[in-house]
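A.B. asks: Can you keep this structure in mind? I'll have questions shortly.
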Amino acid sequence: MNQPDTQATPAPEDTPQDGAPTVLAPPPLASPALSPAQQAKHAMGWLHTARFLTTAAQLHHLPAYELPEIAFVGRSNAGKSTCINVLTQQKRLAYASKTPGRTQHINLFALGRQGQTDAVLADLPGYGYAAVPKQDKIRWQQVMANYLLTRENLRAVVLLCDPRHGLTDLDDILLDVIRPRVEDGLKFLVLLTKADKLNRNEGAKALSIAKLQAGGGQVKLFSALKKQGVDEVATLLYDWMHP
Ligand SMILES: Nc1nc2c(ncn2[C@@H]2O[C@H](COP(=O)(O)OP(=O)(O)O)[C@@H](O)[C@H]2O)c(=O)[nH]1
Ligand SMILES: [Mg+2]
């Protein structure tokens, strides 16, 4: 980390004076690894750069990118929009809707400093909302499955799940769809949202059940309300997008 100028006390070996022979300094220590807190801060700064890129109602309308992409998926009302807003520290980036099932578009957001976009965040429509007509549901399940199967730059999937309901049949289908790609290196994380609604025991139990269902994938408890898991998830996503 950079020291503020006023406090900088340069090490002698950095400031050979008046042609004095350069002091033979011991080899510099490998720059100390960032602490977890510093890593999280860096990752949160990166996520905060998120800005709207484009939206598409159909898969073939999505622009192709070389940039690595992270997809956020989950049932309607699982807490996906809230999670994206907390991670990006932007109140309305992904609109947290009180009427779930409304946003039937794939929304893409750019990550990285302006002019230096280095990853894309994809917000996929929530599935399973009862009030959506059956035909629409089926169409969206197909769009989602096709996206997960064919999106070439897809590097990571975050599946959000309300642990009070657990992973449902639709989540299981999604897990089946991406399993071959996970075996090929696709990163995968299950986030158990709204963890503030669970006590310690319930949280631990939800974790172990979801771990079984996720078949070895990573599972974390997350609460937008209590900011639980935010730093860890941010760091994980950063690392995944910057291997
Ligand atoms: N208690 C609690 N409620 C949450 C949390 N995250 C989301 N919610 C609530 O869950 C509901 C659905 O959230 P939303 O982000 O719109 O879900 P989405 O349909 O998956 O995008 C909203 O009423 C949110 O306020 C959380 O961490 N804790
Ligand atoms: Mg939403």
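In the structure tokens, chains take letters A, B, ... by order of appearance, with residues numbered from 1 within each chain and ligands from 1 in the order shown.
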Determine, using only C-alpha atoms, which residues of segment 69-132 of chain A have any atom at most 10 Å from an atom of segment 174-192 of chain A, and tabulate each with its shortest atom pair and distance in Å to one decimal place, rows ordered by chain and then rising number, as a Markdown table.
C.D. replies:
| residue | atom | partner | partner_atom | distance |
| --- | --- | --- | --- | --- |
| A:Ile70 | CA | A:Lys187 | CA | 8.9 |
| A:Ala71 | CA | A:Phe188 | CA | 9.7 |
| A:Phe72 | CA | A:Leu189 | CA | 9.7 |
| A:Val73 | CA | A:Leu174 | CA | 9.1 |
| A:Gly74 | CA | A:Leu174 | CA | 9.1 |
| A:Ala78 | CA | A:Leu192 | CA | 8.7 |
| A:Gly79 | CA | A:Leu192 | CA | 9.3 |
| A:Lys80 | CA | A:Leu191 | CA | 9.5 |
| A:Cys83 | CA | A:Leu191 | CA | 9.5 |
A.B. asks: Got a sec: who's within 8 Å of Leu59 of chain A, counting only C-alpha atoms, leaving out chain neighbours fewer than 2 positions off, as number ranges by chain?
C.D. replies: A: 56-57, 61-62, 143, 146-147
A.B. asks: I need the chosen residues saved as a compact mmCIF listing (two decimals), in the first residue's frame, with C-alpha atoms.
C.D. replies:
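Below you can see part_22.txt, which holds the result:
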# COMPACT_ATOMS: atom_id res chain seq x y z
CA ALA A 56 -31.79 -8.56 -24.24
CA ALA A 57 -35.08 -10.40 -24.29
CA HIS A 61 -29.70 -10.47 -29.10
CA LEU A 62 -26.95 -10.68 -26.49
CA VAL A 143 -33.64 -19.08 -22.65
CA ASN A 146 -29.53 -22.08 -23.53
CA TYR A 147 -27.66 -19.19 -21.99
A.B. asks: DSSP on the backbone, strand (DSSP E or B) only: what residues of segment 72-111 of chain A does that give? Format it as a list of chain:residue names.
C.D. replies: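 Strand (DSSP E or B) members of segment 72-111 of chain A, listed: A:Phe72, A:Val73, A:Gly74, A:Arg75, A:Ile106, A:Asn107, A:Leu108, A:Phe109, A:Ala110, A:Leu111.
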A.B. asks: Kindly export the residues of the current selection with N, CA and C atoms, as an mmCIF file, in the first residue's frame.
C.D. replies:
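Saved the output as result_5.cif:
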data_model
loop_
_atom_site.group_PDB
_atom_site.id
_atom_site.type_symbol
_atom_site.label_atom_id
_atom_site.label_comp_id
_atom_site.auth_asym_id
_atom_site.auth_seq_id
_atom_site.Cartn_x
_atom_site.Cartn_y
_atom_site.Cartn_z
ATOM 1 N N PHE A 72 -25.793 -14.212 -12.497
ATOM 2 C CA PHE A 72 -26.569 -14.350 -11.268
ATOM 3 C C PHE A 72 -27.924 -14.944 -11.631
ATOM 4 N N VAL A 73 -28.231 -16.061 -11.029
ATOM 5 C CA VAL A 73 -29.493 -16.743 -11.338
ATOM 6 C C VAL A 73 -30.200 -17.134 -10.044
ATOM 7 N N GLY A 74 -31.479 -17.395 -10.156
ATOM 8 C CA GLY A 74 -32.224 -17.844 -8.983
ATOM 9 C C GLY A 74 -33.708 -17.648 -9.173
ATOM 10 N N ARG A 75 -34.453 -18.278 -8.289
ATOM 11 C CA ARG A 75 -35.906 -18.115 -8.336
ATOM 12 C C ARG A 75 -36.277 -16.662 -8.071
ATOM 13 N N ILE A 106 -32.388 -10.498 -19.926
ATOM 14 C CA ILE A 106 -31.031 -10.668 -19.427
ATOM 15 C C ILE A 106 -30.385 -9.291 -19.471
ATOM 16 N N ASN A 107 -29.973 -8.816 -18.315
ATOM 17 C CA ASN A 107 -29.332 -7.508 -18.229
ATOM 18 C C ASN A 107 -27.838 -7.678 -18.005
ATOM 19 N N LEU A 108 -27.060 -6.989 -18.811
ATOM 20 C CA LEU A 108 -25.603 -7.066 -18.660
ATOM 21 C C LEU A 108 -25.048 -5.773 -18.092
ATOM 22 N N PHE A 109 -24.083 -5.920 -17.183
ATOM 23 C CA PHE A 109 -23.406 -4.778 -16.574
ATOM 24 C C PHE A 109 -21.901 -4.947 -16.772
ATOM 25 N N ALA A 110 -21.246 -3.831 -17.066
ATOM 26 C CA ALA A 110 -19.796 -3.865 -17.254
ATOM 27 C C ALA A 110 -19.105 -3.654 -15.919
ATOM 28 N N LEU A 111 -17.992 -4.354 -15.720
ATOM 29 C CA LEU A 111 -17.174 -4.196 -14.512
ATOM 30 C C LEU A 111 -15.759 -3.794 -14.899
#
A.B. asks: When the cut-off is 10 Å and you count only C-alpha atoms and all ligand atoms, which residues lie near ligand 1, shown as a PyMOL selection string?
C.D. replies: chain A and resi 72-86+94-103+123-127+129+160-162+192-198+221-228
A.B. asks: Using only C-alpha atoms and all ligand atoms, can you tell me which of A:Leu93, A:Ala40, A:Ala33, A:Ile209 comes closest to ligand 2?
C.D. replies: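 The shortest atom-to-atom distance to ligand 2 comes from A:Leu93.
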A.B. asks: From a DSSP pass on the backbone, collect the residues of segment 5-195 of chain A flagged as alpha helix (DSSP H) and hand them back as a tab-separated table (two decimals) with N, CA and C atoms, in the first residue's frame.
C.D. replies:
chain	number	residue	atom	x	y	z
A	36	PRO	N	-7.01	-10.20	4.02
A	36	PRO	CA	-8.36	-10.43	3.50
A	36	PRO	C	-9.19	-9.15	3.44
A	37	ALA	N	-9.02	-8.28	4.44
A	37	ALA	CA	-9.80	-7.04	4.45
A	37	ALA	C	-9.41	-6.14	3.28
A	38	GLN	N	-8.10	-6.09	2.98
A	38	GLN	CA	-7.64	-5.26	1.86
A	38	GLN	C	-8.11	-5.84	0.53
A	39	GLN	N	-8.08	-7.17	0.43
A	39	GLN	CA	-8.57	-7.81	-0.79
A	39	GLN	C	-10.04	-7.50	-1.01
A	40	ALA	N	-10.81	-7.58	0.08
A	40	ALA	CA	-12.25	-7.34	-0.02
A	40	ALA	C	-12.50	-5.89	-0.44
A	41	LYS	N	-11.72	-4.98	0.11
A	41	LYS	CA	-11.90	-3.57	-0.21
A	41	LYS	C	-11.65	-3.33	-1.71
A	42	HIS	N	-10.60	-3.95	-2.18
A	42	HIS	CA	-10.25	-3.85	-3.60
A	42	HIS	C	-11.37	-4.44	-4.47
A	43	ALA	N	-11.85	-5.60	-4.06
A	43	ALA	CA	-12.91	-6.28	-4.82
A	43	ALA	C	-14.20	-5.46	-4.82
A	44	MET	N	-14.50	-4.86	-3.67
A	44	MET	CA	-15.72	-4.04	-3.58
A	44	MET	C	-15.59	-2.79	-4.46
A	45	GLY	N	-14.40	-2.23	-4.52
A	45	GLY	CA	-14.16	-1.08	-5.41
A	45	GLY	C	-14.39	-1.47	-6.86
A	46	TRP	N	-13.92	-2.66	-7.18
A	46	TRP	CA	-14.10	-3.17	-8.55
A	46	TRP	C	-15.60	-3.38	-8.85
A	47	LEU	N	-16.31	-4.00	-7.92
A	47	LEU	CA	-17.74	-4.25	-8.15
A	47	LEU	C	-18.53	-2.95	-8.25
A	48	HIS	N	-18.05	-1.95	-7.53
A	48	HIS	CA	-18.76	-0.65	-7.52
A	48	HIS	C	-18.73	0.02	-8.90
A	80	LYS	N	-32.02	-11.83	-5.45
A	80	LYS	CA	-30.96	-11.62	-6.45
A	80	LYS	C	-30.69	-10.14	-6.69
A	81	SER	N	-31.73	-9.38	-6.94
A	81	SER	CA	-31.52	-7.95	-7.20
A	81	SER	C	-30.88	-7.27	-5.99
A	82	THR	N	-31.37	-7.61	-4.81
A	82	THR	CA	-30.83	-7.02	-3.58
A	82	THR	C	-29.36	-7.37	-3.43
A	83	CYS	N	-29.02	-8.60	-3.71
A	83	CYS	CA	-27.63	-9.05	-3.61
A	83	CYS	C	-26.74	-8.29	-4.58
A	84	ILE	N	-27.19	-8.15	-5.82
A	84	ILE	CA	-26.39	-7.42	-6.82
A	84	ILE	C	-26.23	-5.96	-6.39
A	85	ASN	N	-27.30	-5.38	-5.87
A	85	ASN	CA	-27.21	-3.99	-5.44
A	85	ASN	C	-26.24	-3.81	-4.27
A	86	VAL	N	-26.23	-4.77	-3.36
A	86	VAL	CA	-25.31	-4.68	-2.21
A	86	VAL	C	-23.87	-4.89	-2.66
A	87	LEU	N	-23.67	-5.87	-3.53
A	87	LEU	CA	-22.30	-6.13	-3.99
A	87	LEU	C	-21.73	-4.95	-4.79
A	88	THR	N	-22.60	-4.32	-5.58
A	88	THR	CA	-22.11	-3.21	-6.41
A	88	THR	C	-22.26	-1.86	-5.69
A	134	LYS	N	-47.82	-20.06	-17.96
A	134	LYS	CA	-47.00	-21.26	-18.14
A	134	LYS	C	-46.11	-21.18	-19.38
A	135	GLN	N	-46.69	-20.65	-20.47
A	135	GLN	CA	-45.91	-20.56	-21.72
A	135	GLN	C	-44.68	-19.67	-21.52
A	136	ASP	N	-44.86	-18.55	-20.81
A	136	ASP	CA	-43.74	-17.65	-20.55
A	136	ASP	C	-42.68	-18.33	-19.70
A	137	LYS	N	-43.18	-19.08	-18.71
A	137	LYS	CA	-42.24	-19.80	-17.83
A	137	LYS	C	-41.37	-20.75	-18.63
A	138	ILE	N	-42.02	-21.51	-19.49
A	138	ILE	CA	-41.29	-22.50	-20.27
A	138	ILE	C	-40.30	-21.81	-21.20
A	139	ARG	N	-40.76	-20.72	-21.82
A	139	ARG	CA	-39.86	-20.00	-22.72
A	139	ARG	C	-38.63	-19.51	-21.95
A	140	TRP	N	-38.87	-18.99	-20.73
A	140	TRP	CA	-37.72	-18.46	-19.99
A	140	TRP	C	-36.79	-19.52	-19.48
A	141	GLN	N	-37.37	-20.66	-19.13
A	141	GLN	CA	-36.50	-21.76	-18.72
A	141	GLN	C	-35.60	-22.16	-19.88
A	142	GLN	N	-36.14	-22.08	-21.09
A	142	GLN	CA	-35.33	-22.45	-22.26
A	142	GLN	C	-34.26	-21.41	-22.53
A	143	VAL	N	-34.64	-20.13	-22.43
A	143	VAL	CA	-33.64	-19.08	-22.65
A	143	VAL	C	-32.50	-19.23	-21.65
A	144	MET	N	-32.88	-19.46	-20.40
A	144	MET	CA	-31.88	-19.61	-19.34
A	144	MET	C	-30.99	-20.82	-19.57
A	145	ALA	N	-31.61	-21.94	-19.89
A	145	ALA	CA	-30.82	-23.15	-20.13
A	145	ALA	C	-29.88	-22.94	-21.30
A	146	ASN	N	-30.38	-22.32	-22.37
A	146	ASN	CA	-29.53	-22.08	-23.53
A	146	ASN	C	-28.38	-21.14	-23.18
A	147	TYR	N	-28.72	-20.12	-22.42
A	147	TYR	CA	-27.66	-19.19	-21.99
A	147	TYR	C	-26.57	-19.96	-21.23
A	148	LEU	N	-27.00	-20.74	-20.25
A	148	LEU	CA	-26.03	-21.43	-19.40
A	148	LEU	C	-25.22	-22.47	-20.17
A	149	LEU	N	-25.84	-23.04	-21.19
A	149	LEU	CA	-25.15	-24.06	-21.97
A	149	LEU	C	-24.22	-23.47	-23.02
A	150	THR	N	-24.63	-22.33	-23.61
A	150	THR	CA	-23.93	-21.90	-24.82
A	150	THR	C	-23.14	-20.60	-24.66
A	169	ASP	N	-37.00	-27.77	-7.17
A	169	ASP	CA	-36.87	-28.58	-8.38
A	169	ASP	C	-36.28	-27.77	-9.53
A	170	LEU	N	-36.68	-26.50	-9.64
A	170	LEU	CA	-36.15	-25.68	-10.74
A	170	LEU	C	-34.65	-25.41	-10.54
A	171	ASP	N	-34.25	-25.21	-9.29
A	171	ASP	CA	-32.82	-25.03	-9.01
A	171	ASP	C	-32.06	-26.31	-9.38
A	172	ASP	N	-32.67	-27.44	-9.08
A	172	ASP	CA	-32.03	-28.72	-9.40
A	172	ASP	C	-31.83	-28.90	-10.90
A	173	ILE	N	-32.85	-28.47	-11.67
A	173	ILE	CA	-32.73	-28.56	-13.13
A	173	ILE	C	-31.55	-27.70	-13.59
A	174	LEU	N	-31.49	-26.50	-13.01
A	174	LEU	CA	-30.38	-25.61	-13.35
A	174	LEU	C	-29.03	-26.24	-13.00
A	175	LEU	N	-28.96	-26.86	-11.85
A	175	LEU	CA	-27.71	-27.53	-11.45
A	175	LEU	C	-27.35	-28.61	-12.46
A	176	ASP	N	-28.36	-29.36	-12.91
A	176	ASP	CA	-28.11	-30.40	-13.90
A	176	ASP	C	-27.59	-29.82	-15.21
A	177	VAL	N	-28.19	-28.66	-15.59
A	177	VAL	CA	-27.80	-28.04	-16.85
A	177	VAL	C	-26.33	-27.62	-16.81
A	178	ILE	N	-25.90	-27.04	-15.69
A	178	ILE	CA	-24.53	-26.51	-15.70
A	178	ILE	C	-23.48	-27.54	-15.26
A	179	ARG	N	-23.92	-28.68	-14.73
A	179	ARG	CA	-22.94	-29.66	-14.21
A	179	ARG	C	-21.80	-29.97	-15.20
A	180	PRO	N	-22.13	-30.25	-16.48
A	180	PRO	CA	-21.03	-30.55	-17.40
A	180	PRO	C	-20.05	-29.39	-17.53
A	181	ARG	N	-20.57	-28.18	-17.49
A	181	ARG	CA	-19.66	-27.03	-17.63
A	181	ARG	C	-18.86	-26.82	-16.35
A	182	VAL	N	-19.45	-27.14	-15.20
A	182	VAL	CA	-18.70	-27.04	-13.94
A	182	VAL	C	-17.53	-28.03	-13.98
A	183	GLU	N	-17.80	-29.21	-14.54
A	183	GLU	CA	-16.72	-30.20	-14.68
A	183	GLU	C	-15.63	-29.69	-15.62
A.B. asks: Rounded to one decimal place, report the atom CA of Glu69 of chain A-atom CA of Pro163 of chain A distance in Å.
C.D. replies: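 If I compute the distance from atom CA of Glu69 of chain A to atom CA of Pro163 of chain A, I get 25.5 Å.
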A.B. asks: Which residue is closest to ligand 2? Choose from A:Gly217, A:Thr55, A:Gly112, A:Gln104 and count only C-alpha atoms and all ligand atoms.
C.D. replies: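 Looking only at the distances to ligand 2, the closest residue turns out to be A:Gln104.
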A.B. asks: Nearest to ligand 2 among A:Pro63, A:Arg164, A:Phe52, A:His105, with distances taken over only C-alpha atoms and all ligand atoms: which residue is it?
C.D. replies: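 Ranking A:Pro63, A:Arg164, A:Phe52, A:His105 by distance to ligand 2, first place goes to A:His105.
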A.B. asks: Determine, counting only C-alpha atoms, which protein, DNA and RNA residues have an atom within 10 Å of an atom of Glu152 of chain A; residues of the same chain fewer than 5 positions away are not included. Present the result as a VMD selection string.
C.D. replies: chain A and resid 64 to 69 147
A.B. asks: Calculated over only C-alpha atoms and all ligand atoms, which of the candidates A:His60, A:His165, A:Arg92, A:Arg51 has the smallest distance to ligand 2?
C.D. replies: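 Closest residue, counting only C-alpha atoms and all ligand atoms: A:Arg92.
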